[in-house]
>>> print(open('final_0.txt').read())   # compact mmCIF, C-alpha atoms
# COMPACT_ATOMS: atom_id res chain seq x y z
CA MET Z 1 174.32 -12.32 90.33
CA LYS Z 2 173.71 -15.54 88.39
CA PRO Z 3 172.57 -18.59 90.45
CA ALA Z 4 175.50 -20.69 89.21
CA ILE Z 5 177.97 -18.00 90.25
CA ILE Z 6 176.28 -17.72 93.66
CA SER Z 7 176.77 -21.47 94.12
CA PHE Z 8 180.47 -21.11 93.34
CA VAL Z 9 180.80 -18.19 95.75
CA LEU Z 10 179.08 -19.98 98.59
CA ALA Z 11 181.11 -23.11 98.01
CA PHE Z 12 184.26 -21.03 98.38
CA MET Z 13 183.06 -18.93 101.31
CA ALA Z 14 181.54 -21.62 103.46
CA PHE Z 15 184.83 -22.80 102.61
CA SER Z 16 189.21 -24.85 105.53
CA SER Z 17 199.47 -37.36 119.77
CA CYS Z 18 196.99 -40.13 119.91
CA ASN Z 19 195.92 -41.78 116.68
CA ASN Z 20 192.75 -43.84 116.98
CA ILE Z 21 192.05 -45.68 113.74
CA ASP Z 22 188.95 -47.79 114.20
CA PRO Z 23 189.29 -50.94 112.07
CA SER Z 24 185.61 -51.69 112.61
CA LYS Z 25 184.68 -48.68 110.44
CA GLU Z 26 185.53 -50.44 107.20
CA LYS Z 27 183.48 -49.16 104.28
CA SER Z 28 183.73 -49.45 100.55
CA HIS Z 29 187.19 -48.86 99.10
CA GLN Z 30 188.73 -50.28 102.34
CA MET Z 31 188.24 -47.06 104.28
CA LYS Z 32 189.58 -46.66 107.81
CA SER Z 33 188.76 -43.60 109.89
CA GLY Z 34 190.32 -42.05 112.95
CA TYR Z 35 191.01 -38.99 115.05
CA SER Z 36 194.35 -37.46 115.95
CA GLU Z 37 195.26 -34.69 118.39
CA VAL Z 38 196.91 -31.91 116.39
CA ASN Z 39 197.74 -28.47 117.73
CA GLY Z 40 195.00 -28.57 120.35
CA ILE Z 41 192.14 -29.96 118.25
CA ASN Z 42 190.90 -33.48 117.58
CA MET Z 43 191.25 -33.90 113.81
CA TYR Z 44 189.20 -36.40 111.83
CA TYR Z 45 190.69 -38.26 108.87
CA GLU Z 46 190.00 -41.18 106.57
CA VAL Z 47 192.47 -43.49 104.84
CA TYR Z 48 191.73 -45.32 101.59
CA GLY Z 49 193.76 -47.64 99.40
CA GLN Z 50 197.45 -48.47 99.30
CA GLY Z 51 200.50 -47.02 97.60
CA LYS Z 52 202.17 -43.63 97.56
CA PRO Z 53 200.32 -41.26 99.92
CA LEU Z 54 198.13 -38.47 98.54
CA VAL Z 55 196.52 -36.01 100.97
CA LEU Z 56 193.10 -34.65 99.97
CA ILE Z 57 192.12 -31.28 101.49
CA HIS Z 58 188.47 -30.29 101.06
CA GLY Z 59 186.98 -26.92 100.22
CA GLY Z 60 185.36 -24.45 102.59
CA GLY Z 61 182.17 -25.43 104.36
CA SER Z 62 182.67 -28.96 103.15
CA THR Z 63 183.27 -32.45 104.39
CA ILE Z 64 185.56 -35.02 102.80
CA GLN Z 65 182.68 -36.45 100.81
CA THR Z 66 181.12 -33.23 99.53
CA THR Z 67 184.38 -32.29 97.82
CA PHE Z 68 185.98 -35.62 96.95
CA GLY Z 69 183.31 -38.31 97.22
CA ARG Z 70 183.13 -38.90 93.47
CA VAL Z 71 186.88 -39.21 92.89
CA ILE Z 72 188.05 -41.06 96.02
CA PRO Z 73 187.19 -44.46 94.43
CA LEU Z 74 189.25 -43.49 91.36
CA PHE Z 75 192.35 -42.18 93.14
CA SER Z 76 192.36 -45.01 95.71
CA LYS Z 77 192.88 -47.67 93.04
CA SER Z 78 196.61 -46.91 92.99
CA ARG Z 79 197.32 -44.63 95.97
CA GLN Z 80 196.94 -44.37 99.69
CA LEU Z 81 194.59 -41.44 100.29
CA ILE Z 82 194.72 -39.48 103.53
CA CYS Z 83 191.54 -37.39 103.56
CA VAL Z 84 191.19 -34.75 106.25
CA GLU Z 85 188.50 -32.54 107.73
CA LEU Z 86 189.89 -29.18 108.81
CA GLN Z 87 189.26 -27.09 111.91
CA ALA Z 88 185.53 -26.71 112.75
CA HIS Z 89 184.54 -28.70 109.64
CA GLY Z 90 182.61 -31.95 109.78
CA ARG Z 91 183.88 -34.16 112.60
CA THR Z 92 186.98 -32.13 113.49
CA GLY Z 93 187.06 -29.99 116.60
CA ASP Z 94 187.44 -26.23 116.90
CA ARG Z 95 189.88 -24.00 118.76
CA ASP Z 96 189.56 -20.53 120.24
CA ALA Z 97 190.91 -18.89 117.09
CA GLY Z 98 189.64 -18.08 113.64
CA LEU Z 99 190.46 -20.13 110.57
CA SER Z 100 193.60 -19.49 108.58
CA PHE Z 101 195.28 -21.24 105.67
CA GLU Z 102 198.54 -21.19 107.61
CA GLN Z 103 197.02 -22.95 110.63
CA ASP Z 104 195.26 -25.48 108.42
CA ALA Z 105 198.60 -26.29 106.78
CA ASP Z 106 200.23 -26.71 110.20
CA ASP Z 107 197.38 -29.02 111.25
CA VAL Z 108 197.75 -31.20 108.16
CA ALA Z 109 201.51 -31.38 108.70
CA ALA Z 110 201.02 -32.40 112.34
CA LEU Z 111 198.54 -35.09 111.32
CA LEU Z 112 201.02 -36.55 108.82
CA LYS Z 113 203.71 -36.64 111.51
CA ASN Z 114 201.32 -38.42 113.86
CA LEU Z 115 200.59 -40.96 111.14
CA LYS Z 116 204.35 -41.36 110.57
CA ILE Z 117 204.13 -40.16 106.98
CA ASP Z 118 207.32 -38.25 106.20
CA LYS Z 119 206.31 -37.01 102.75
CA ALA Z 120 203.15 -37.02 100.63
CA ASP Z 121 201.65 -35.53 97.51
CA ILE Z 122 198.95 -32.94 98.27
CA PHE Z 123 195.71 -32.18 96.43
CA GLY Z 124 193.65 -29.30 97.77
CA PHE Z 125 190.46 -27.85 96.35
CA SER Z 126 189.21 -24.24 96.71
CA ASN Z 127 190.19 -23.07 100.22
CA GLY Z 128 191.93 -26.42 100.47
CA ALA Z 129 194.05 -25.44 97.47
CA ASN Z 130 195.26 -22.38 99.36
CA THR Z 131 196.08 -24.68 102.28
CA ALA Z 132 197.94 -27.05 99.95
CA LEU Z 133 200.11 -24.17 98.74
CA GLN Z 134 200.71 -23.10 102.35
CA MET Z 135 201.97 -26.64 102.92
CA GLY Z 136 204.51 -25.97 100.17
CA ILE Z 137 205.46 -22.66 101.77
CA ARG Z 138 205.57 -23.74 105.43
CA HIS Z 139 206.37 -27.46 105.27
CA PRO Z 140 208.26 -28.02 102.01
CA GLU Z 141 210.11 -31.07 103.33
CA MET Z 142 206.79 -32.91 103.71
CA CYS Z 143 205.46 -32.13 100.23
CA GLY Z 144 205.98 -34.18 97.11
CA ARG Z 145 203.85 -32.84 94.27
CA ILE Z 146 201.07 -30.32 94.87
CA VAL Z 147 197.79 -30.00 92.98
CA ALA Z 148 195.89 -26.78 93.73
CA GLY Z 149 192.38 -26.77 92.29
CA SER Z 150 190.25 -23.59 92.09
CA PHE Z 151 192.69 -21.55 94.18
CA LEU Z 152 192.45 -17.81 94.88
CA LEU Z 153 195.63 -16.12 96.08
CA LYS Z 154 194.93 -12.42 95.40
CA ARG Z 155 191.82 -10.34 96.03
CA ASP Z 156 191.93 -8.93 92.51
CA GLY Z 157 191.86 -12.46 91.08
CA ALA Z 158 188.16 -12.99 91.84
CA PHE Z 159 185.31 -12.12 89.51
CA GLU Z 160 183.61 -8.75 89.86
CA GLY Z 161 181.26 -8.60 92.86
CA PHE Z 162 182.81 -11.55 94.69
CA TRP Z 163 184.04 -9.65 97.74
CA GLU Z 164 180.86 -7.63 98.09
CA PHE Z 165 178.90 -10.87 98.06
CA MET Z 166 181.22 -12.26 100.74
CA LYS Z 167 180.59 -9.25 102.94
CA ASN Z 168 176.81 -9.52 102.62
CA GLY Z 169 176.40 -13.32 102.50
CA THR Z 170 174.04 -15.10 104.92
CA PHE Z 171 173.74 -18.58 106.38
CA GLU Z 172 170.47 -19.03 104.49
CA GLN Z 173 172.39 -18.74 101.21
CA MET Z 174 174.78 -21.55 102.09
CA PRO Z 175 174.18 -24.54 99.76
CA GLN Z 176 171.79 -27.01 101.37
CA GLN Z 177 174.06 -29.87 100.33
CA PHE Z 178 176.75 -28.51 102.64
CA LYS Z 179 174.35 -28.12 105.56
CA ASP Z 180 172.97 -31.64 105.11
CA ALA Z 181 176.44 -33.17 104.79
CA PHE Z 182 177.71 -31.47 107.95
CA LEU Z 183 174.69 -32.52 110.01
CA GLU Z 184 174.91 -36.07 108.71
CA VAL Z 185 178.35 -36.52 110.28
CA ASN Z 186 177.99 -34.01 113.14
CA PRO Z 187 174.32 -33.55 114.12
CA ASP Z 188 174.82 -30.32 116.04
CA SER Z 189 173.26 -27.24 114.47
CA ALA Z 190 175.27 -24.93 116.74
CA LYS Z 191 178.52 -26.38 115.41
CA LEU Z 192 177.24 -26.01 111.85
CA MET Z 193 176.52 -22.33 112.47
CA ASN Z 194 179.92 -21.92 114.11
CA MET Z 195 181.64 -23.46 111.09
CA TYR Z 196 179.75 -21.13 108.76
CA HIS Z 197 180.81 -18.02 110.69
CA ARG Z 198 184.41 -19.22 110.98
CA ALA Z 199 184.61 -19.83 107.23
CA ALA Z 200 182.78 -16.65 106.25
CA ASN Z 201 184.97 -14.48 108.49
CA ARG Z 202 188.12 -15.92 106.96
CA MET Z 203 187.01 -14.90 103.50
CA ILE Z 204 185.75 -11.47 104.59
CA SER Z 205 189.20 -10.76 106.05
CA PHE Z 206 191.10 -12.47 103.20
CA ARG Z 207 194.57 -11.07 102.54
CA ASP Z 208 196.70 -11.58 99.44
CA PHE Z 209 199.39 -14.24 99.45
CA PRO Z 210 202.63 -12.21 99.15
CA ASP Z 211 204.53 -12.73 95.90
CA GLU Z 212 207.65 -13.78 97.78
CA GLN Z 213 205.73 -16.61 99.48
CA ILE Z 214 204.26 -17.81 96.21
CA ARG Z 215 207.69 -17.76 94.58
CA SER Z 216 209.11 -19.78 97.50
CA VAL Z 217 207.18 -22.96 96.62
CA ARG Z 218 209.69 -25.50 95.33
CA SER Z 219 207.50 -28.58 94.96
CA PRO Z 220 206.26 -29.40 91.46
CA VAL Z 221 202.85 -27.73 91.24
CA LEU Z 222 199.83 -28.27 89.02
CA LEU Z 223 197.31 -25.42 89.14
CA VAL Z 224 193.77 -26.26 88.00
CA ASN Z 225 190.98 -23.76 87.39
CA GLY Z 226 187.60 -23.85 85.73
CA ASP Z 227 187.03 -21.35 82.95
CA ALA Z 228 183.90 -20.23 84.85
CA ASP Z 229 185.46 -20.46 88.31
CA VAL Z 230 185.65 -18.08 91.28
CA ALA Z 231 189.10 -16.94 90.14
CA SER Z 232 189.61 -15.68 86.63
CA SER Z 233 191.70 -17.49 84.06
CA GLU Z 234 193.95 -14.42 84.02
CA HIS Z 235 194.59 -14.88 87.74
CA ALA Z 236 195.41 -18.55 87.21
CA VAL Z 237 197.91 -17.68 84.49
CA ALA Z 238 199.52 -14.96 86.59
CA MET Z 239 199.95 -17.27 89.59
CA SER Z 240 201.39 -20.02 87.38
CA LYS Z 241 204.12 -17.58 86.36
CA LEU Z 242 204.99 -16.82 89.99
CA ILE Z 243 205.42 -20.43 91.12
CA PRO Z 244 208.67 -21.80 89.73
CA GLY Z 245 208.00 -24.40 87.04
CA ALA Z 246 204.26 -24.59 87.75
CA LYS Z 247 201.94 -26.24 85.25
CA LEU Z 248 198.43 -24.93 84.58
CA ALA Z 249 195.24 -26.58 83.37
CA ILE Z 250 192.17 -24.48 82.54
CA ILE Z 251 189.17 -26.82 82.46
CA PRO Z 252 185.77 -26.01 80.92
CA GLY Z 253 183.21 -25.55 83.69
CA GLY Z 254 182.69 -24.07 87.10
CA HIS Z 255 183.99 -24.38 90.67
CA GLY Z 256 184.88 -28.04 91.14
CA ALA Z 257 182.88 -29.56 88.30
CA TYR Z 258 186.09 -31.24 87.12
CA ILE Z 259 186.15 -33.43 90.28
CA GLY Z 260 182.41 -33.75 90.89
CA GLU Z 261 182.19 -31.33 93.83
CA ILE Z 262 178.71 -31.97 95.21
CA THR Z 263 177.08 -28.65 94.23
CA THR Z 264 178.13 -29.17 90.59
CA LEU Z 265 176.74 -32.66 90.00
CA LYS Z 266 174.34 -33.22 87.14
CA PRO Z 267 172.07 -36.24 86.56
CA GLY Z 268 173.79 -39.03 84.70
CA TYR Z 269 177.34 -37.91 85.45
CA LYS Z 270 180.13 -40.36 84.64
CA ASP Z 271 183.60 -40.98 86.05
CA SER Z 272 184.99 -39.90 82.70
CA ASP Z 273 183.65 -36.38 83.37
CA PHE Z 274 186.40 -35.87 85.95
CA ILE Z 275 190.07 -35.02 85.43
CA VAL Z 276 191.53 -37.80 87.58
CA PRO Z 277 193.71 -39.14 84.71
CA LEU Z 278 195.18 -35.67 84.12
CA ILE Z 279 196.04 -35.29 87.80
CA GLU Z 280 197.47 -38.80 88.02
CA ARG Z 281 199.73 -38.19 85.04
CA PHE Z 282 201.12 -35.14 86.81
CA LEU Z 283 201.57 -37.02 90.09
CA ASP Z 284 203.34 -39.88 88.30
CA GLU Z 285 205.80 -37.72 86.34
CA GLU Z 286 209.48 -38.31 86.88
CA PRO Z 287 211.53 -35.45 88.34
CA GLY Z 288 212.37 -32.85 85.72
CA GLN Z 289 209.41 -33.63 83.45
>>> encode(input="final_0.txt", output="structure tokens")
Amino acid sequence: MKPAIISFVLAFMAFSSCNNIDPSKEKSHQMKSGYSEVNGINMYYEVYGQGKPLVLIHGGGSTIQTTFGRVIPLFSKSRQLICVELQAHGRTGDRDAGLSFEQDADDVAALLKNLKIDKADIFGFSNGANTALQMGIRHPEMCGRIVAGSFLLKRDGAFEGFWEFMKNGTFEQMPQQFKDAFLEVNPDSAKLMNMYHRAANRMISFRDFPDEQIRSVRSPVLLVNGDADVASSEHAVAMSKLIPGAKLAIIPGGHGAYIGEITTLKPGYKDSDFIVPLIERFLDEEPGQ
């Protein structure tokens, strides 16, 4: 299997009360961070910018920054970003249950309620894209527009050999960038290993999204996929036909290169390499466009 493809696979596999914002944790882009009790776990989040809320949901095995660190400064110029870390990832706690896209969606919805945000646009990447679509399925009243980047909704949508690699993958093959990023924010190697196993087991036991669920999404949806992504372009096209009125963008490149996902970065990258303007145009469209 090609090294680049292995990187994409591992990125996907290691793939997703009381509100305590700490104003002292101000960073660049006016970031505030906090924790919120949601469905029995303490969930970490960051808030950037002002304006209409946009929720960012990271990929598997990731932190907020490994997935979205390059585009947060761009999106936060005109929006309020609510960036989350999902169960067992980064600074967020774990529960005595495996990971699921449905539970992740319920956790994000609970966080938004705790933050008193009635409705928000959603942008999820990789496993986070599946969670974003589960938000549209399970919590439609809370969703404005949904962007699902590098999604995979059916087992037969992945490239040949993907599921066999999932079954035989090891912790040693997990991208070092993911390990370093986790330990930087949560210096506990046991929790890192736990996150890896949680994420790997979810993908090993992955089940197709039923067609009727996919068809039930009523939010405006933009599907984004790389032409050398985990899911095939044919899968992306097929899913775009199932979601009512969905738009589809096939972008040259691999798993997350279009937003600067950390394993895809090349020396000398520029903001103009990323598809933020395309996503913002979709988010800013008037109803019916």
>>> closest_residue(input="final_0.txt", among="Z:Ser216, Z:Gln80, Z:Thr92, Z:Thr67", to="His255 in chain Z", atoms="only C-alpha atoms")
Z:Thr67
>>> closest_residue(input="final_0.txt", among="Z:Glu102, Z:Asp107, Z:Asp271, Z:Glu46", to="Cys83 in chain Z", atoms="all atoms listed in the file")
Z:Glu46
>>> closest_residue(input="final_0.txt", among="Z:Gly256, Z:Ala228, Z:Ile122, Z:Pro220", to="Pro244 in chain Z", atoms="all atoms listed in the file")
Z:Pro220
>>> closest_residue(input="final_0.txt", among="Z:Ala110, Z:Ala132, Z:Ile137, Z:Ile146", to="Glu212 in chain Z", atoms="only C-alpha atoms")
Z:Ile137
>>> closest_atom_pairs(input="final_0.txt", of="range 131-244 of chain Z", to="range 56-63 of chain Z", cutoff="7 Å", atoms="all atoms listed in the file", output="tab-separated table")
residue	atom	partner	partner_atom	distance
Z:Phe178	CA	Z:Ser62	CA	6.0
Z:Ala181	CA	Z:Thr63	CA	6.9
Z:Phe182	CA	Z:Thr63	CA	6.7
Z:Tyr196	CA	Z:Gly61	CA	6.6
Z:Ala199	CA	Z:Gly60	CA	6.6
>>> closest_residue(input="final_0.txt", among="Z:Ala97, Z:Leu115, Z:Met203, Z:Leu242", to="Glu164 in chain Z", atoms="only C-alpha atoms")
Z:Met203
>>> atom_distance(input="final_0.txt", atom1="CA of Asp106 in chain Z", atom2="CA of Tyr45 in chain Z")
15.0 Å
>>> closest_residue(input="final_0.txt", among="Z:Gln87, Z:Lys52, Z:Ser36, Z:Ile64", to="Lys119 in chain Z", atoms="only C-alpha atoms")
Z:Lys52
>>> residues_around(input="final_0.txt", residues="Val276 in chain Z", least_positions_apart="6", cutoff="9 Å", atoms="only C-alpha atoms", output="PyMOL selection string")
chain Z and resi 71+74-75+258-259
>>> atom_distance(input="final_0.txt", atom1="CA of Ser100 in chain Z", atom2="CA of Arg198 in chain Z")
9.5 Å
>>> residues_around(input="final_0.txt", residues="Asn201 in chain Z", least_positions_apart="6", cutoff="9 Å", atoms="all atoms listed in the file", output="PDB file with C-alpha atoms, in the frame of the given file")
ATOM      1  CA  MET Z  13     183.060 -18.930 101.310  1.00  0.00           C
ATOM      2  CA  GLY Z  98     189.640 -18.080 113.640  1.00  0.00           C
ATOM      3  CA  LEU Z  99     190.460 -20.130 110.570  1.00  0.00           C
ATOM      4  CA  MET Z 166     181.220 -12.260 100.740  1.00  0.00           C
ATOM      5  CA  LYS Z 167     180.590  -9.250 102.940  1.00  0.00           C
TER       6      LYS Z 167
END
>>> residues_around(input="final_0.txt", residues="Ser126 in chain Z", least_positions_apart="6", cutoff="7 Å", atoms="only C-alpha atoms", output="list in words")
Phe12, Gly59, Gly149, Ser150 and Phe151 of chain Z
>>> residues_near_point(input="final_0.txt", point="(191.1, -17.9, 87.9)", cutoff="8 Å", atoms="only C-alpha atoms", output="list of chain:residue names")
Z:Ser150, Z:Phe151, Z:Leu152, Z:Gly157, Z:Ala158, Z:Asn225, Z:Gly226, Z:Asp227, Z:Asp229, Z:Val230, Z:Ala231, Z:Ser232, Z:Ser233, Z:Glu234, Z:His235, Z:Ala236, Z:Val237
>>> atom_distance(input="final_0.txt", atom1="CA of Val55 in chain Z", atom2="CA of Leu81 in chain Z")
5.8 Å
>>> residues_near_point(input="final_0.txt", point="(179.8, -34.2, 95.3)", cutoff="8 Å", atoms="only C-alpha atoms", output="list in words")
Gln65, Thr66, Thr67, Phe68, Gly69, Arg70, Gly260, Glu261, Ile262, Thr263, Thr264 and Leu265 of chain Z
>>> build_atoms(input="final_0.txt", residues="range 123-134 of chain Z", atoms="all heavy atoms", output="PDB file, in the coordinates of the input")
ATOM      1  N   PHE Z 123     196.713 -32.702  97.351  1.00  0.00           N
ATOM      2  CA  PHE Z 123     195.710 -32.180  96.430  1.00  0.00           C
ATOM      3  C   PHE Z 123     194.666 -31.434  97.252  1.00  0.00           C
ATOM      4  O   PHE Z 123     193.931 -32.026  98.041  1.00  0.00           O
ATOM      5  CB  PHE Z 123     195.052 -33.322  95.643  1.00  0.00           C
ATOM      6  CG  PHE Z 123     193.932 -32.889  94.714  1.00  0.00           C
ATOM      7  CD1 PHE Z 123     193.747 -31.573  94.321  1.00  0.00           C
ATOM      8  CD2 PHE Z 123     193.037 -33.839  94.219  1.00  0.00           C
ATOM      9  CE1 PHE Z 123     192.719 -31.192  93.470  1.00  0.00           C
ATOM     10  CE2 PHE Z 123     192.005 -33.479  93.359  1.00  0.00           C
ATOM     11  CZ  PHE Z 123     191.839 -32.158  92.990  1.00  0.00           C
ATOM     12  N   GLY Z 124     194.634 -30.115  97.082  1.00  0.00           N
ATOM     13  CA  GLY Z 124     193.650 -29.300  97.770  1.00  0.00           C
ATOM     14  C   GLY Z 124     192.717 -28.631  96.786  1.00  0.00           C
ATOM     15  O   GLY Z 124     193.124 -28.245  95.688  1.00  0.00           O
ATOM     16  N   PHE Z 125     191.466 -28.490  97.200  1.00  0.00           N
ATOM     17  CA  PHE Z 125     190.460 -27.850  96.350  1.00  0.00           C
ATOM     18  C   PHE Z 125     189.931 -26.588  97.025  1.00  0.00           C
ATOM     19  O   PHE Z 125     189.619 -26.582  98.222  1.00  0.00           O
ATOM     20  CB  PHE Z 125     189.299 -28.810  96.084  1.00  0.00           C
ATOM     21  CG  PHE Z 125     188.099 -28.140  95.473  1.00  0.00           C
ATOM     22  CD1 PHE Z 125     188.125 -27.720  94.146  1.00  0.00           C
ATOM     23  CD2 PHE Z 125     186.967 -27.877  96.237  1.00  0.00           C
ATOM     24  CE1 PHE Z 125     187.038 -27.062  93.582  1.00  0.00           C
ATOM     25  CE2 PHE Z 125     185.875 -27.227  95.683  1.00  0.00           C
ATOM     26  CZ  PHE Z 125     185.906 -26.820  94.354  1.00  0.00           C
ATOM     27  N   SER Z 126     189.799 -25.494  96.256  1.00  0.00           N
ATOM     28  CA  SER Z 126     189.210 -24.240  96.710  1.00  0.00           C
ATOM     29  C   SER Z 126     190.010 -23.720  97.910  1.00  0.00           C
ATOM     30  O   SER Z 126     191.213 -23.525  97.782  1.00  0.00           O
ATOM     31  CB  SER Z 126     187.729 -24.461  97.039  1.00  0.00           C
ATOM     32  OG  SER Z 126     187.051 -23.252  97.198  1.00  0.00           O
ATOM     33  N   ASN Z 127     189.394 -23.480  99.064  1.00  0.00           N
ATOM     34  CA  ASN Z 127     190.190 -23.070 100.220  1.00  0.00           C
ATOM     35  C   ASN Z 127     191.256 -24.111 100.538  1.00  0.00           C
ATOM     36  O   ASN Z 127     192.335 -23.778 101.023  1.00  0.00           O
ATOM     37  CB  ASN Z 127     189.286 -22.862 101.437  1.00  0.00           C
ATOM     38  CG  ASN Z 127     188.702 -21.469 101.484  1.00  0.00           C
ATOM     39  OD1 ASN Z 127     188.836 -20.685 100.547  1.00  0.00           O
ATOM     40  ND2 ASN Z 127     188.026 -21.157 102.564  1.00  0.00           N
ATOM     41  N   GLY Z 128     190.944 -25.369 100.278  1.00  0.00           N
ATOM     42  CA  GLY Z 128     191.930 -26.420 100.470  1.00  0.00           C
ATOM     43  C   GLY Z 128     193.121 -26.301  99.543  1.00  0.00           C
ATOM     44  O   GLY Z 128     194.231 -26.742  99.868  1.00  0.00           O
ATOM     45  N   ALA Z 129     192.931 -25.691  98.370  1.00  0.00           N
ATOM     46  CA  ALA Z 129     194.050 -25.440  97.470  1.00  0.00           C
ATOM     47  C   ALA Z 129     194.995 -24.404  98.067  1.00  0.00           C
ATOM     48  O   ALA Z 129     196.225 -24.526  97.965  1.00  0.00           O
ATOM     49  CB  ALA Z 129     193.540 -24.957  96.107  1.00  0.00           C
ATOM     50  N   ASN Z 130     194.423 -23.371  98.685  1.00  0.00           N
ATOM     51  CA  ASN Z 130     195.260 -22.380  99.360  1.00  0.00           C
ATOM     52  C   ASN Z 130     196.050 -23.034 100.497  1.00  0.00           C
ATOM     53  O   ASN Z 130     197.220 -22.729 100.714  1.00  0.00           O
ATOM     54  CB  ASN Z 130     194.394 -21.252  99.912  1.00  0.00           C
ATOM     55  CG  ASN Z 130     193.823 -20.375  98.812  1.00  0.00           C
ATOM     56  OD1 ASN Z 130     193.830 -20.736  97.640  1.00  0.00           O
ATOM     57  ND2 ASN Z 130     193.313 -19.220  99.181  1.00  0.00           N
ATOM     58  N   THR Z 131     195.392 -23.948 101.225  1.00  0.00           N
ATOM     59  CA  THR Z 131     196.080 -24.680 102.280  1.00  0.00           C
ATOM     60  C   THR Z 131     197.182 -25.564 101.716  1.00  0.00           C
ATOM     61  O   THR Z 131     198.277 -25.661 102.291  1.00  0.00           O
ATOM     62  CB  THR Z 131     195.073 -25.527 103.074  1.00  0.00           C
ATOM     63  OG1 THR Z 131     194.143 -24.653 103.730  1.00  0.00           O
ATOM     64  CG2 THR Z 131     195.764 -26.389 104.118  1.00  0.00           C
ATOM     65  N   ALA Z 132     196.922 -26.214 100.580  1.00  0.00           N
ATOM     66  CA  ALA Z 132     197.940 -27.050  99.950  1.00  0.00           C
ATOM     67  C   ALA Z 132     199.178 -26.229  99.592  1.00  0.00           C
ATOM     68  O   ALA Z 132     200.323 -26.669  99.797  1.00  0.00           O
ATOM     69  CB  ALA Z 132     197.369 -27.727  98.703  1.00  0.00           C
ATOM     70  N   LEU Z 133     198.974 -25.025  99.077  1.00  0.00           N
ATOM     71  CA  LEU Z 133     200.110 -24.170  98.740  1.00  0.00           C
ATOM     72  C   LEU Z 133     200.809 -23.668 100.000  1.00  0.00           C
ATOM     73  O   LEU Z 133     202.037 -23.512 100.016  1.00  0.00           O
ATOM     74  CB  LEU Z 133     199.654 -23.011  97.863  1.00  0.00           C
ATOM     75  CG  LEU Z 133     199.225 -23.446  96.443  1.00  0.00           C
ATOM     76  CD1 LEU Z 133     198.557 -22.296  95.698  1.00  0.00           C
ATOM     77  CD2 LEU Z 133     200.421 -23.977  95.656  1.00  0.00           C
ATOM     78  N   GLN Z 134     200.056 -23.442 101.077  1.00  0.00           N
ATOM     79  CA  GLN Z 134     200.710 -23.100 102.350  1.00  0.00           C
ATOM     80  C   GLN Z 134     201.529 -24.274 102.874  1.00  0.00           C
ATOM     81  O   GLN Z 134     202.560 -24.065 103.530  1.00  0.00           O
ATOM     82  CB  GLN Z 134     199.674 -22.672 103.395  1.00  0.00           C
ATOM     83  CG  GLN Z 134     199.174 -21.252 103.255  1.00  0.00           C
ATOM     84  CD  GLN Z 134     200.257 -20.218 103.545  1.00  0.00           C
ATOM     85  OE1 GLN Z 134     201.312 -20.521 104.082  1.00  0.00           O
ATOM     86  NE2 GLN Z 134     199.974 -18.965 103.182  1.00  0.00           N
TER      87      GLN Z 134
END
